[in-house]
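Peer 1: The following file, coords00.cif, comprises mmCIF, C-alpha atoms and all ligand atoms:
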```cif
data_data
#
loop_
_atom_site.label_atom_id
_atom_site.label_comp_id
_atom_site.auth_asym_id
_atom_site.auth_seq_id
_atom_site.Cartn_x
_atom_site.Cartn_y
_atom_site.Cartn_z
CA MET A 1208 21.35 -21.47 -3.64
CA GLU A 1209 21.25 -17.69 -4.20
CA ALA A 1210 17.57 -17.76 -5.14
CA HIS A 1211 16.84 -19.87 -2.07
CA ILE A 1212 18.55 -17.35 0.24
CA VAL A 1213 16.78 -14.42 -1.45
CA GLU A 1214 13.44 -16.17 -0.99
CA TRP A 1215 13.99 -16.53 2.76
CA LEU A 1216 15.35 -12.99 3.00
CA ASN A 1217 12.20 -11.80 1.25
CA LEU A 1218 10.09 -13.67 3.79
CA LEU A 1219 12.08 -12.38 6.77
CA VAL A 1220 12.03 -8.73 5.71
CA ARG A 1221 8.34 -8.95 4.75
CA TRP A 1222 7.58 -10.40 8.17
CA ILE A 1223 9.48 -7.59 9.93
CA HIS A 1224 7.88 -4.95 7.69
CA PHE A 1225 4.45 -6.29 8.59
CA ILE A 1226 5.16 -6.40 12.34
CA VAL A 1227 6.65 -2.89 12.63
CA GLY A 1228 3.94 -1.56 10.30
CA VAL A 1229 1.25 -2.98 12.59
CA ALA A 1230 3.01 -1.41 15.59
CA TRP A 1231 3.20 1.99 13.86
CA ILE A 1232 -0.35 2.12 12.56
CA GLY A 1233 -1.64 0.49 15.74
CA ALA A 1234 -0.04 3.14 17.98
CA SER A 1235 -1.25 5.88 15.67
CA PHE A 1236 -4.85 4.54 15.68
CA TYR A 1237 -4.69 4.11 19.43
CA PHE A 1238 -3.58 7.67 20.18
CA ASN A 1239 -6.08 9.02 17.74
CA TRP A 1240 -8.80 7.07 19.47
CA LEU A 1241 -7.51 8.20 22.88
CA GLU A 1242 -7.63 11.85 21.84
CA ASN A 1243 -11.21 11.43 20.61
CA HIS A 1244 -12.42 9.62 23.72
CA LEU A 1245 -10.79 11.61 26.53
CA ASN A 1246 -13.24 12.59 29.19
CA ARG A 1247 -12.94 16.36 29.17
CA GLN A 1248 -15.91 17.04 31.45
CA ALA A 1249 -15.19 19.08 34.56
CA PRO A 1250 -14.07 18.57 37.26
CA GLN A 1251 -10.52 17.74 36.18
CA GLU A 1252 -7.35 17.88 38.23
CA LYS A 1253 -5.43 21.12 37.90
CA GLY A 1254 -3.55 21.36 34.60
CA ILE A 1255 -5.28 18.28 33.18
CA ASP A 1256 -7.15 18.57 29.90
CA GLY A 1257 -8.89 15.20 30.08
CA ASN A 1258 -8.59 11.66 31.37
CA LEU A 1259 -9.61 8.17 30.40
CA TRP A 1260 -10.19 4.91 32.21
CA ALA A 1261 -9.59 1.66 30.38
CA VAL A 1262 -9.43 -2.03 31.17
CA HIS A 1263 -7.12 -4.26 29.15
CA GLY A 1264 -5.15 -7.43 29.64
CA GLY A 1265 -6.23 -7.98 33.21
CA GLY A 1266 -5.65 -4.50 34.63
CA PHE A 1267 -7.15 -1.03 34.92
CA TYR A 1268 -5.40 1.93 33.32
CA HIS A 1269 -5.95 5.60 34.05
CA LEU A 1270 -4.47 8.01 31.54
CA LYS A 1271 -4.32 11.79 31.74
CA LYS A 1272 -3.61 14.41 29.13
CA PHE A 1273 -1.95 17.60 30.31
CA THR A 1274 -3.19 20.93 29.03
CA ASN A 1275 0.30 22.37 28.70
CA GLY A 1276 2.58 19.59 29.90
CA PRO A 1277 3.78 18.56 33.36
CA GLU A 1278 5.59 20.99 35.64
CA LYS A 1279 8.64 18.80 35.68
CA LEU A 1280 9.78 16.37 33.00
CA PRO A 1281 9.42 12.73 34.07
CA GLU A 1282 12.57 10.65 34.24
CA VAL A 1283 11.36 8.21 31.62
CA LEU A 1284 9.42 9.56 28.66
CA HIS A 1285 8.33 7.18 25.91
CA TRP A 1286 8.52 8.24 22.28
CA PHE A 1287 6.85 6.54 19.36
CA LYS A 1288 9.12 6.84 16.38
CA TRP A 1289 11.11 3.67 15.77
CA GLU A 1290 8.01 1.85 14.50
CA ALA A 1291 7.71 4.47 11.75
CA TYR A 1292 11.40 4.51 10.86
CA MET A 1293 11.67 0.73 10.83
CA THR A 1294 8.56 0.40 8.67
CA TRP A 1295 10.17 2.68 6.12
CA VAL A 1296 13.58 1.00 6.27
CA SER A 1297 12.13 -2.52 5.99
CA GLY A 1298 9.80 -1.36 3.20
CA MET A 1299 12.68 0.04 1.19
CA THR A 1300 14.68 -3.16 1.78
CA LEU A 1301 11.74 -5.19 0.53
CA LEU A 1302 11.48 -2.98 -2.54
CA ILE A 1303 15.13 -3.76 -3.29
CA ILE A 1304 14.80 -7.51 -2.69
CA VAL A 1305 11.55 -8.02 -4.58
CA TYR A 1306 11.65 -5.35 -7.28
CA TYR A 1307 15.11 -3.91 -7.90
CA TYR A 1308 16.98 -7.20 -7.54
CA ASN A 1309 14.71 -8.73 -10.18
CA ALA A 1310 13.97 -5.56 -12.16
CA THR A 1311 13.60 -7.15 -15.60
CA ALA A 1312 10.80 -9.41 -14.45
CA MET A 1313 9.22 -7.24 -11.76
CA MET A 1314 9.61 -3.60 -12.86
CA ILE A 1315 9.29 -3.75 -16.63
CA ASP A 1316 6.39 -4.62 -18.86
CA PRO A 1317 7.35 -4.17 -22.52
CA SER A 1318 3.68 -3.77 -23.45
CA VAL A 1319 3.56 -0.69 -21.18
CA TYR A 1320 6.96 0.82 -21.94
CA ASP A 1321 10.28 -0.63 -23.00
CA LEU A 1322 12.59 0.51 -20.22
CA THR A 1323 16.03 -0.75 -19.26
CA PRO A 1324 16.24 -2.17 -15.70
CA THR A 1325 18.42 0.78 -14.62
CA MET A 1326 15.91 3.31 -15.95
CA ALA A 1327 13.05 1.48 -14.22
CA ILE A 1328 14.90 1.54 -10.89
CA ILE A 1329 15.76 5.23 -11.29
CA ILE A 1330 12.09 6.05 -11.96
CA GLY A 1331 11.09 4.00 -8.93
CA VAL A 1332 13.54 5.61 -6.51
CA ALA A 1333 13.04 9.11 -7.91
CA SER A 1334 9.25 8.90 -7.58
CA GLY A 1335 9.57 8.47 -3.80
CA VAL A 1336 12.17 11.19 -3.23
CA PHE A 1337 10.44 13.65 -5.58
CA SER A 1338 7.06 13.03 -3.92
CA TRP A 1339 8.43 13.92 -0.52
CA PHE A 1340 9.81 17.25 -1.77
CA VAL A 1341 6.63 18.16 -3.65
CA TYR A 1342 4.47 17.24 -0.67
CA ASP A 1343 6.66 19.07 1.83
CA LEU A 1344 6.68 22.21 -0.32
CA LEU A 1345 2.89 22.06 -0.73
CA CYS A 1346 2.45 21.77 3.04
CA LYS A 1347 4.70 24.75 3.66
CA THR A 1348 2.99 26.98 1.11
CA LEU A 1349 -0.61 25.99 1.80
CA LYS A 1350 -0.63 25.31 5.52
CA SER A 1351 -3.22 28.01 6.20
CA LYS A 1352 -5.65 26.32 3.79
CA PRO A 1353 -5.78 22.70 5.01
CA LEU A 1354 -8.73 21.61 2.88
CA LEU A 1355 -7.24 22.95 -0.36
CA LEU A 1356 -3.92 21.39 0.63
CA GLY A 1357 -5.58 18.01 1.15
CA VAL A 1358 -7.26 18.17 -2.25
CA ILE A 1359 -4.03 19.15 -4.02
CA VAL A 1360 -2.04 16.37 -2.31
CA PHE A 1361 -4.72 13.91 -3.44
CA ILE A 1362 -4.54 15.21 -7.01
CA TYR A 1363 -0.76 14.95 -6.90
CA LEU A 1364 -1.05 11.28 -5.91
CA ALA A 1365 -3.52 10.67 -8.74
CA VAL A 1366 -1.08 12.20 -11.24
CA LEU A 1367 1.76 10.14 -9.78
CA ALA A 1368 -0.31 6.95 -10.11
CA TYR A 1369 -1.18 7.84 -13.69
CA LEU A 1370 2.42 8.60 -14.68
CA LEU A 1371 3.90 5.52 -13.03
CA THR A 1372 1.39 3.23 -14.75
CA GLN A 1373 2.53 4.69 -18.10
CA PHE A 1374 6.11 3.53 -17.56
CA LEU A 1375 6.46 0.73 -15.02
CA SER A 1376 4.83 -2.70 -14.94
CA PRO A 1377 1.37 -2.34 -13.36
CA ARG A 1378 2.37 -4.05 -10.13
CA ALA A 1379 5.55 -2.01 -9.79
CA ALA A 1380 3.59 1.18 -10.49
CA TYR A 1381 1.16 0.35 -7.68
CA ILE A 1382 3.83 -0.51 -5.16
CA HIS A 1383 5.73 2.69 -5.97
CA VAL A 1384 2.69 4.85 -5.32
CA GLY A 1385 2.49 3.00 -1.98
CA ALA A 1386 6.19 3.56 -1.36
CA ALA A 1387 5.83 7.28 -2.15
CA ILE A 1388 2.96 7.60 0.34
CA GLY A 1389 4.94 5.58 2.90
CA THR A 1390 7.91 7.90 2.37
CA ILE A 1391 5.71 10.96 2.89
CA MET A 1392 4.33 9.45 6.10
CA ALA A 1393 7.73 8.43 7.51
CA GLY A 1394 9.17 11.79 6.39
CA ASN A 1395 6.41 13.53 8.32
CA VAL A 1396 7.39 11.65 11.46
CA PHE A 1397 11.13 12.21 11.01
CA PHE A 1398 11.22 15.80 9.77
CA VAL A 1399 8.16 17.38 11.37
CA ILE A 1400 6.32 15.43 14.07
CA ILE A 1401 9.30 14.30 16.15
CA PRO A 1402 11.02 17.75 15.93
CA ALA A 1403 7.73 19.28 17.15
CA GLN A 1404 7.74 16.94 20.15
CA LYS A 1405 11.42 17.70 20.80
CA GLU A 1406 10.58 21.40 20.87
CA LEU A 1407 7.81 20.71 23.41
CA VAL A 1408 10.19 18.81 25.67
CA LYS A 1409 12.98 21.37 25.24
CA ALA A 1410 10.67 24.30 26.04
CA LEU A 1411 9.50 22.53 29.18
CA SER A 1412 13.02 21.89 30.40
CA GLU A 1413 13.96 25.51 29.68
CA ASP A 1414 10.82 26.73 31.40
CA ARG A 1415 9.52 28.67 28.42
CA ILE A 1416 6.44 28.59 26.17
CA PRO A 1417 7.03 26.25 23.19
CA ASP A 1418 7.17 27.77 19.72
CA ALA A 1419 3.58 27.19 18.54
CA SER A 1420 4.49 26.79 14.86
CA TYR A 1421 6.15 23.42 15.58
CA GLY A 1422 3.01 22.07 17.17
CA GLU A 1423 0.77 23.35 14.38
CA ASN A 1424 2.90 21.74 11.69
CA GLY A 1425 3.14 18.51 13.65
CA LEU A 1426 -0.63 18.34 14.00
CA LEU A 1427 -1.20 18.99 10.27
CA ARG A 1428 1.25 16.27 9.26
CA SER A 1429 -0.05 13.70 11.70
CA ARG A 1430 -3.55 14.37 10.41
CA HIS A 1431 -2.32 13.70 6.88
CA ASN A 1432 -0.66 10.48 8.05
CA ASN A 1433 -3.92 9.43 9.61
CA TYR A 1434 -5.83 9.83 6.34
CA LEU A 1435 -3.10 8.16 4.30
CA THR A 1436 -3.07 4.94 6.36
CA LEU A 1437 -6.03 3.29 4.63
CA PRO A 1438 -4.87 4.03 1.06
CA VAL A 1439 -1.32 2.87 1.79
CA LEU A 1440 -2.51 -0.39 3.35
CA PHE A 1441 -4.82 -1.01 0.40
CA ILE A 1442 -1.94 -0.52 -2.03
CA MET A 1443 0.24 -2.98 -0.11
CA ILE A 1444 -2.35 -5.77 -0.23
CA SER A 1445 -3.53 -4.92 -3.76
CA ASN A 1446 -0.25 -6.39 -5.00
CA HIS A 1447 -1.83 -9.80 -4.46
CA PHE A 1448 -5.03 -8.88 -6.31
CA PRO A 1449 -4.46 -8.67 -10.06
CA THR A 1450 -8.02 -7.38 -10.62
CA THR A 1451 -6.79 -4.05 -9.22
CA TYR A 1452 -3.42 -3.40 -10.87
CA GLY A 1453 -4.28 -5.52 -13.92
CA ASN A 1454 -7.21 -3.31 -14.89
CA GLN A 1455 -6.91 -1.15 -18.01
CA TYR A 1456 -7.53 1.93 -15.85
CA ASN A 1457 -5.51 0.63 -12.92
CA TRP A 1458 -4.45 4.09 -11.76
CA LEU A 1459 -8.11 5.12 -11.50
CA VAL A 1460 -8.92 1.99 -9.51
CA LEU A 1461 -6.11 2.89 -7.10
CA ILE A 1462 -7.36 6.43 -6.68
CA ALA A 1463 -11.02 5.42 -6.34
CA VAL A 1464 -10.29 2.81 -3.65
CA SER A 1465 -8.06 5.34 -1.87
CA ALA A 1466 -10.90 7.88 -1.87
CA VAL A 1467 -13.22 5.27 -0.36
CA GLY A 1468 -10.57 4.53 2.30
CA ILE A 1469 -10.16 8.21 3.14
CA LEU A 1470 -13.91 8.65 3.51
CA ALA A 1471 -14.12 5.63 5.83
CA ARG A 1472 -11.23 6.99 7.90
CA HIS A 1473 -12.91 10.39 8.05
CA TYR A 1474 -16.04 8.83 9.48
CA PHE A 1475 -14.06 7.30 12.36
CA ASN A 1476 -12.26 10.60 12.94
CA ILE A 1477 -15.37 12.70 13.31
CA ARG A 1478 -18.06 10.33 14.54
CA HIS A 1479 -17.65 11.51 18.16
CA ILE A 1480 -18.37 15.12 17.21
CA SER A 1481 -20.82 14.73 14.37
CA LYS A 1482 -23.09 11.85 13.56
CA ALA A 1483 -22.21 11.64 9.88
CA VAL A 1484 -23.87 8.27 9.50
CA TRP A 1485 -24.04 8.62 5.72
CA MET A 1486 -20.27 8.31 5.34
CA LEU A 1487 -19.75 4.59 5.89
CA PRO A 1488 -22.65 3.51 3.63
CA THR A 1489 -21.37 5.98 1.00
CA ALA A 1490 -17.90 4.46 1.25
CA LEU A 1491 -19.42 0.99 0.88
CA PHE A 1492 -21.51 2.18 -2.06
CA GLY A 1493 -18.37 3.63 -3.69
CA PHE A 1494 -16.64 0.30 -3.17
CA ILE A 1495 -19.51 -1.59 -4.82
CA MET A 1496 -19.40 0.87 -7.74
CA ILE A 1497 -15.70 0.07 -8.21
CA VAL A 1498 -16.52 -3.66 -8.21
CA MET A 1499 -19.17 -3.05 -10.89
CA ALA A 1500 -16.99 -0.78 -12.99
CA THR A 1501 -14.14 -3.30 -13.08
CA MET A 1502 -16.41 -6.23 -14.03
CA PRO A 1503 -14.94 -8.08 -17.04
CA ALA A 1504 -17.01 -8.00 -20.23
CA LYS A 1505 -19.23 -11.03 -20.75
CA GLN A 1506 -17.66 -13.54 -23.14
CA GLU A 1507 -19.65 -14.71 -26.13
CA ALA A 1508 -20.28 -18.45 -26.59
CA LEU A 1509 -17.75 -20.22 -28.80
CA GLU A 1510 -18.53 -21.87 -32.10
CA ALA A 1511 -17.77 -25.60 -32.00
CA SER A 1512 -14.95 -25.09 -34.51
CA ASP A 1513 -13.28 -22.49 -32.25
CA LYS A 1514 -13.04 -24.78 -29.27
CA VAL A 1515 -9.56 -25.55 -27.95
CA THR A 1516 -8.53 -28.56 -25.87
CA THR A 1517 -5.87 -28.66 -23.16
CA ALA A 1518 -3.65 -30.78 -25.39
CA GLN A 1519 -3.84 -28.04 -28.04
CA VAL A 1520 -2.73 -25.24 -25.68
CA LEU A 1521 -0.18 -27.26 -23.74
CA PRO A 1522 2.72 -26.31 -26.06
CA ILE A 1523 1.96 -22.61 -25.38
CA PHE A 1524 2.17 -23.15 -21.64
CA GLU A 1525 5.32 -25.25 -22.02
CA GLN A 1526 6.99 -22.52 -24.01
CA ARG A 1527 5.75 -19.45 -22.13
CA CYS A 1528 5.10 -20.55 -18.54
CA PHE A 1529 7.03 -23.69 -17.63
CA SER A 1530 10.34 -21.85 -17.11
CA CYS A 1531 8.80 -20.55 -13.87
CA HIS A 1532 5.62 -22.59 -13.32
CA SER A 1533 6.87 -26.17 -13.25
CA SER A 1534 8.01 -28.54 -10.53
CA LYS A 1535 11.62 -27.61 -11.27
CA PRO A 1536 11.76 -24.05 -12.64
CA THR A 1537 14.63 -23.24 -14.98
CA GLN A 1538 14.26 -19.45 -14.76
CA PRO A 1539 17.14 -18.02 -12.69
CA GLY A 1540 15.86 -16.67 -9.39
CA PHE A 1541 13.09 -19.28 -9.01
CA VAL A 1542 13.56 -22.30 -6.77
CA THR A 1543 9.93 -23.33 -6.46
CA PRO A 1544 7.00 -22.66 -8.82
CA PRO A 1545 5.60 -19.18 -8.04
CA ALA A 1546 2.23 -19.11 -6.26
CA GLY A 1547 2.64 -22.92 -5.95
CA LEU A 1548 1.46 -23.35 -9.54
CA ALA A 1549 3.35 -26.14 -11.34
CA TYR A 1550 1.62 -26.57 -14.70
CA ASP A 1551 3.49 -29.79 -15.48
CA LYS A 1552 1.42 -31.53 -12.82
CA GLU A 1553 -1.75 -33.37 -13.74
CA GLY A 1554 -4.89 -31.21 -13.65
CA VAL A 1555 -3.20 -27.99 -12.43
CA LEU A 1556 -3.90 -26.13 -15.68
CA GLU A 1557 -7.60 -27.03 -15.75
CA ASN A 1558 -8.10 -26.42 -12.03
CA ASN A 1559 -6.64 -22.94 -12.27
CA ALA A 1560 -8.08 -22.04 -15.66
CA ASP A 1561 -9.97 -18.96 -14.45
CA LYS A 1562 -6.92 -17.48 -12.73
CA ILE A 1563 -4.72 -18.33 -15.70
CA ASN A 1564 -7.16 -16.74 -18.13
CA ALA A 1565 -7.38 -13.55 -16.04
CA GLN A 1566 -3.58 -13.26 -15.71
CA VAL A 1567 -2.93 -13.94 -19.37
CA MET A 1568 -5.66 -11.66 -20.73
CA GLN A 1569 -4.67 -8.78 -18.43
CA LYS A 1570 -1.11 -9.32 -19.66
CA ILE A 1571 0.23 -9.71 -16.14
CA MET A 1572 1.59 -13.17 -16.93
CA PRO A 1573 4.09 -14.21 -18.17
CA LEU A 1574 5.86 -11.95 -15.69
CA GLY A 1575 7.39 -8.99 -17.55
CA ASN A 1576 6.52 -11.03 -20.67
CA LEU A 1577 9.99 -12.52 -20.27
CA THR A 1578 8.98 -15.52 -22.37
CA LYS A 1579 7.51 -13.30 -25.14
CA MET A 1580 3.96 -14.59 -25.34
CA THR A 1581 2.14 -13.30 -28.43
CA ASP A 1582 -1.38 -11.85 -28.63
CA GLU A 1583 -2.53 -14.83 -30.76
CA GLU A 1584 -1.39 -17.18 -28.02
CA ARG A 1585 -3.27 -15.18 -25.40
CA GLU A 1586 -6.37 -15.37 -27.55
CA LYS A 1587 -5.98 -19.13 -27.83
CA VAL A 1588 -5.62 -19.49 -24.05
CA SER A 1589 -8.80 -17.48 -23.67
CA ARG A 1590 -10.64 -19.80 -26.11
CA TRP A 1591 -9.30 -22.83 -24.20
CA TYR A 1592 -10.66 -21.33 -20.99
CA ARG A 1593 -14.07 -20.71 -22.52
CA SER A 1594 -14.13 -24.19 -24.08
CA LEU A 1595 -13.69 -25.75 -20.64
CA GLY A 1596 -16.89 -24.16 -19.39
CA GLN A 1597 -19.03 -25.29 -22.32
C1 LIG A 1601 9.37 -15.22 -15.13
C2 LIG A 1601 8.59 -16.08 -14.33
C3 LIG A 1601 7.13 -16.32 -14.67
C4 LIG A 1601 6.61 -16.74 -15.88
C5 LIG A 1601 7.35 -17.02 -17.17
C6 LIG A 1601 5.20 -16.89 -15.65
N1 LIG A 1601 4.89 -16.56 -14.35
FE1 LIG A 1601 3.07 -16.70 -13.47
N2 LIG A 1601 3.83 -16.05 -11.71
C7 LIG A 1601 5.12 -15.66 -11.52
C8 LIG A 1601 5.27 -15.13 -10.19
C9 LIG A 1601 6.53 -14.56 -9.55
C10 LIG A 1601 3.99 -15.21 -9.58
C11 LIG A 1601 3.61 -14.80 -8.16
C12 LIG A 1601 3.05 -13.43 -8.15
C13 LIG A 1601 2.68 -13.01 -6.73
O1 LIG A 1601 3.55 -13.02 -5.88
O2 LIG A 1601 1.52 -12.65 -6.55
C14 LIG A 1601 3.14 -15.81 -10.56
C15 LIG A 1601 1.80 -16.05 -10.33
C16 LIG A 1601 0.95 -16.58 -11.28
C17 LIG A 1601 -0.44 -16.88 -11.03
C18 LIG A 1601 -1.16 -16.78 -9.70
C19 LIG A 1601 -1.71 -15.42 -9.46
C20 LIG A 1601 -2.56 -15.40 -8.21
O3 LIG A 1601 -3.11 -14.35 -7.97
O4 LIG A 1601 -2.64 -16.39 -7.50
C21 LIG A 1601 -0.96 -17.35 -12.21
C22 LIG A 1601 -2.37 -17.82 -12.46
C23 LIG A 1601 0.11 -17.34 -13.18
N3 LIG A 1601 1.26 -16.85 -12.58
C24 LIG A 1601 -0.02 -17.73 -14.48
C25 LIG A 1601 1.01 -17.75 -15.41
C26 LIG A 1601 0.85 -18.20 -16.78
C27 LIG A 1601 -0.44 -18.71 -17.38
C28 LIG A 1601 2.06 -18.06 -17.38
C29 LIG A 1601 2.43 -18.35 -18.81
C30 LIG A 1601 1.59 -17.78 -19.80
C31 LIG A 1601 2.98 -17.55 -16.39
N4 LIG A 1601 2.30 -17.37 -15.20
C32 LIG A 1601 4.32 -17.30 -16.62
C33 LIG A 1601 6.18 -15.79 -12.42
C34 LIG A 1601 6.05 -16.20 -13.72
#
```
Could you take the file, read its structure, and then write that structure out as structure tokens?
Ligand code: HEC
Peer 2:
Amino acid sequence: MEAHIVEWLNLLVRWIHFIVGVAWIGASFYFNWLENHLNRQAPQEKGIDGNLWAVHGGGFYHLKKFTNGPEKLPEVLHWFKWEAYMTWVSGMTLLIIVYYYNATAMMIDPSVYDLTPTMAIIIGVASGVFSWFVYDLLCKTLKSKPLLLGVIVFIYLAVLAYLLTQFLSPRAAYIHVGAAIGTIMAGNVFFVIIPAQKELVKALSEDRIPDASYGENGLLRSRHNNYLTLPVLFIMISNHFPTTYGNQYNWLVLIAVSAVGILARHYFNIRHISKAVWMLPTALFGFIMIVMATMPAKQEALEASDKVTTAQVLPIFEQRCFSCHSSKPTQPGFVTPPAGLAYDKEGVLENNADKINAQVMQKIMPLGNLTKMTDEEREKVSRWYRSLGQ
């Protein structure tokens, strides 16, 4: 009953997180695009910096950007902030439901580090809070050197990814780097970007020149958010791709894919001012290099005497996997077999042998090694897998 409710809650919150996340990133991409495509050619109306015509959903739209703002504040002014706040709130809720509620299985991997669930949760929560303070301090001290700042923030995230993968389970480490970046992005909106816009509006209503420092900080932070979108989205989906977090150098994979994402984003940011055509192919090349570098080593052919049949490995699966992966799981917290894989059903083991082999050899399964699978057993599963193909 409880597990059933948690499963639906997980689905509901994930759904909401996805929807508000799309709205946030979508609005942010849209305004970025708008800024880059404004027609700034003269003649413009007085006080107008640029304008843009668009057709969408059966109507024509004509937008204008003011050089300094309108003379009088409009009655209704739309803000874009709840998407960001709700993405953060739903993301944190999801972290609690999926990871903290089930910390033993989801946060801890004894082969990485033997933590208690409480310690794992503390590390998880602290990594997000700490990252915001480090990032915010860096921005305040280095704001006159934006390039250096960008490089140092990137290095900080690499160190964070490295450290988290030394303590948490690989998947939890990944998601917490994502959560730290998400916290930085939402913090930027809440603490810097929205206050900058409030200052703009306040100055206008008081008929004075706005304090320029607000605007400068807001611009810097929204630029950071823009570059962080691709890495953060990669990290969110990578949780369903064990080749990424399951790699021996998983933190490097995370950082390398993030760098590729940032380069791709950079291309779209500058392509209207400079034709840096090399950027996208370079990003693609970098991506292919990551695919090559993470290629599993080729397995040697098995001697006939080393071959293992399904009947011979079945007891291992029964002992180490069936508590979760069977038609009726006995592991508390599981109502249905995870990923739909019930190994007690005819043919399911053989049909999923490649996935099973990858999960077992990368030590991702059994989850949190709750069922204490030994290295000899993993080796035997690997031989079973290779025997199938021969
Ligand atoms: C404590 C519960 C638990 C145990 C024990 C367990 N698993 Fe899993 N397994 C999971 C969960 C949860 C998922 C879903 C992960 C996700 O959401 O991507 C999963 C997913 C998988 C997947 C699918 C991954 C994918 O990308 O589609 C495979 C394969 C797998 N497990 C193999 C195994 C094998 C083999 C064993 C035994 C050696 C095992 N598992 C033991 C909980 C468990």
Peer 1: Please provide the set of residues having any atom within 12 Å of Glu1557 of chain A, restricted to all atoms listed in the file, with same-chain residues fewer than 6 positions apart removed, written as number ranges by chain.
Peer 2: A: 1516-1518, 1520-1521, 1548-1551, 1563-1564, 1588, 1591-1596
Peer 1: In Å to one decimal, how far is atom CA of Ser1334 of chain A from atom CA of Leu1367 of chain A?
Peer 2: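 Interatomic distance here is 7.9 Å.
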Peer 1: Just give me the gap between atom CA of Ala1365 of chain A and atom CA of Ser1351 of chain A in Å, one decimal is fine.
Peer 2: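 Going from atom CA of Ala1365 of chain A over to atom CA of Ser1351 of chain A, I get 22.9 Å.
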Peer 1: Enumerate residues in contact with ligand LIG 1601 (chain A): an atom-to-atom distance of at most 9 Å, counting all atoms listed in the file. Format the result as a PDB file with C-alpha atoms, keeping the file's coordinate frame.
Peer 2:
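Final output, result.pdb:
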```pdb
ATOM      1  CA  ALA A1312      10.800  -9.410 -14.450  1.00  0.00           C
ATOM      2  CA  MET A1313       9.220  -7.240 -11.760  1.00  0.00           C
ATOM      3  CA  ASN A1446      -0.250  -6.390  -5.000  1.00  0.00           C
ATOM      4  CA  HIS A1447      -1.830  -9.800  -4.460  1.00  0.00           C
ATOM      5  CA  PHE A1448      -5.030  -8.880  -6.310  1.00  0.00           C
ATOM      6  CA  PRO A1449      -4.460  -8.670 -10.060  1.00  0.00           C
ATOM      7  CA  THR A1450      -8.020  -7.380 -10.620  1.00  0.00           C
ATOM      8  CA  ILE A1523       1.960 -22.610 -25.380  1.00  0.00           C
ATOM      9  CA  PHE A1524       2.170 -23.150 -21.640  1.00  0.00           C
ATOM     10  CA  GLU A1525       5.320 -25.250 -22.020  1.00  0.00           C
ATOM     11  CA  GLN A1526       6.990 -22.520 -24.010  1.00  0.00           C
ATOM     12  CA  ARG A1527       5.750 -19.450 -22.130  1.00  0.00           C
ATOM     13  CA  CYS A1528       5.100 -20.550 -18.540  1.00  0.00           C
ATOM     14  CA  PHE A1529       7.030 -23.690 -17.630  1.00  0.00           C
ATOM     15  CA  SER A1530      10.340 -21.850 -17.110  1.00  0.00           C
ATOM     16  CA  CYS A1531       8.800 -20.550 -13.870  1.00  0.00           C
ATOM     17  CA  HIS A1532       5.620 -22.590 -13.320  1.00  0.00           C
ATOM     18  CA  PRO A1536      11.760 -24.050 -12.640  1.00  0.00           C
ATOM     19  CA  GLN A1538      14.260 -19.450 -14.760  1.00  0.00           C
ATOM     20  CA  PRO A1539      17.140 -18.020 -12.690  1.00  0.00           C
ATOM     21  CA  GLY A1540      15.860 -16.670  -9.390  1.00  0.00           C
ATOM     22  CA  PHE A1541      13.090 -19.280  -9.010  1.00  0.00           C
ATOM     23  CA  PRO A1544       7.000 -22.660  -8.820  1.00  0.00           C
ATOM     24  CA  PRO A1545       5.600 -19.180  -8.040  1.00  0.00           C
ATOM     25  CA  ALA A1546       2.230 -19.110  -6.260  1.00  0.00           C
ATOM     26  CA  GLY A1547       2.640 -22.920  -5.950  1.00  0.00           C
ATOM     27  CA  LEU A1548       1.460 -23.350  -9.540  1.00  0.00           C
ATOM     28  CA  TYR A1550       1.620 -26.570 -14.700  1.00  0.00           C
ATOM     29  CA  LEU A1556      -3.900 -26.130 -15.680  1.00  0.00           C
ATOM     30  CA  ASN A1559      -6.640 -22.940 -12.270  1.00  0.00           C
ATOM     31  CA  ALA A1560      -8.080 -22.040 -15.660  1.00  0.00           C
ATOM     32  CA  ASP A1561      -9.970 -18.960 -14.450  1.00  0.00           C
ATOM     33  CA  LYS A1562      -6.920 -17.480 -12.730  1.00  0.00           C
ATOM     34  CA  ILE A1563      -4.720 -18.330 -15.700  1.00  0.00           C
ATOM     35  CA  ASN A1564      -7.160 -16.740 -18.130  1.00  0.00           C
ATOM     36  CA  ALA A1565      -7.380 -13.550 -16.040  1.00  0.00           C
ATOM     37  CA  GLN A1566      -3.580 -13.260 -15.710  1.00  0.00           C
ATOM     38  CA  VAL A1567      -2.930 -13.940 -19.370  1.00  0.00           C
ATOM     39  CA  LYS A1570      -1.110  -9.320 -19.660  1.00  0.00           C
ATOM     40  CA  ILE A1571       0.230  -9.710 -16.140  1.00  0.00           C
ATOM     41  CA  MET A1572       1.590 -13.170 -16.930  1.00  0.00           C
ATOM     42  CA  PRO A1573       4.090 -14.210 -18.170  1.00  0.00           C
ATOM     43  CA  LEU A1574       5.860 -11.950 -15.690  1.00  0.00           C
ATOM     44  CA  GLY A1575       7.390  -8.990 -17.550  1.00  0.00           C
ATOM     45  CA  ASN A1576       6.520 -11.030 -20.670  1.00  0.00           C
ATOM     46  CA  LEU A1577       9.990 -12.520 -20.270  1.00  0.00           C
ATOM     47  CA  THR A1578       8.980 -15.520 -22.370  1.00  0.00           C
ATOM     48  CA  LYS A1579       7.510 -13.300 -25.140  1.00  0.00           C
ATOM     49  CA  MET A1580       3.960 -14.590 -25.340  1.00  0.00           C
ATOM     50  CA  GLU A1584      -1.390 -17.180 -28.020  1.00  0.00           C
ATOM     51  CA  ARG A1585      -3.270 -15.180 -25.400  1.00  0.00           C
ATOM     52  CA  VAL A1588      -5.620 -19.490 -24.050  1.00  0.00           C
TER      53      VAL A1588
END
```
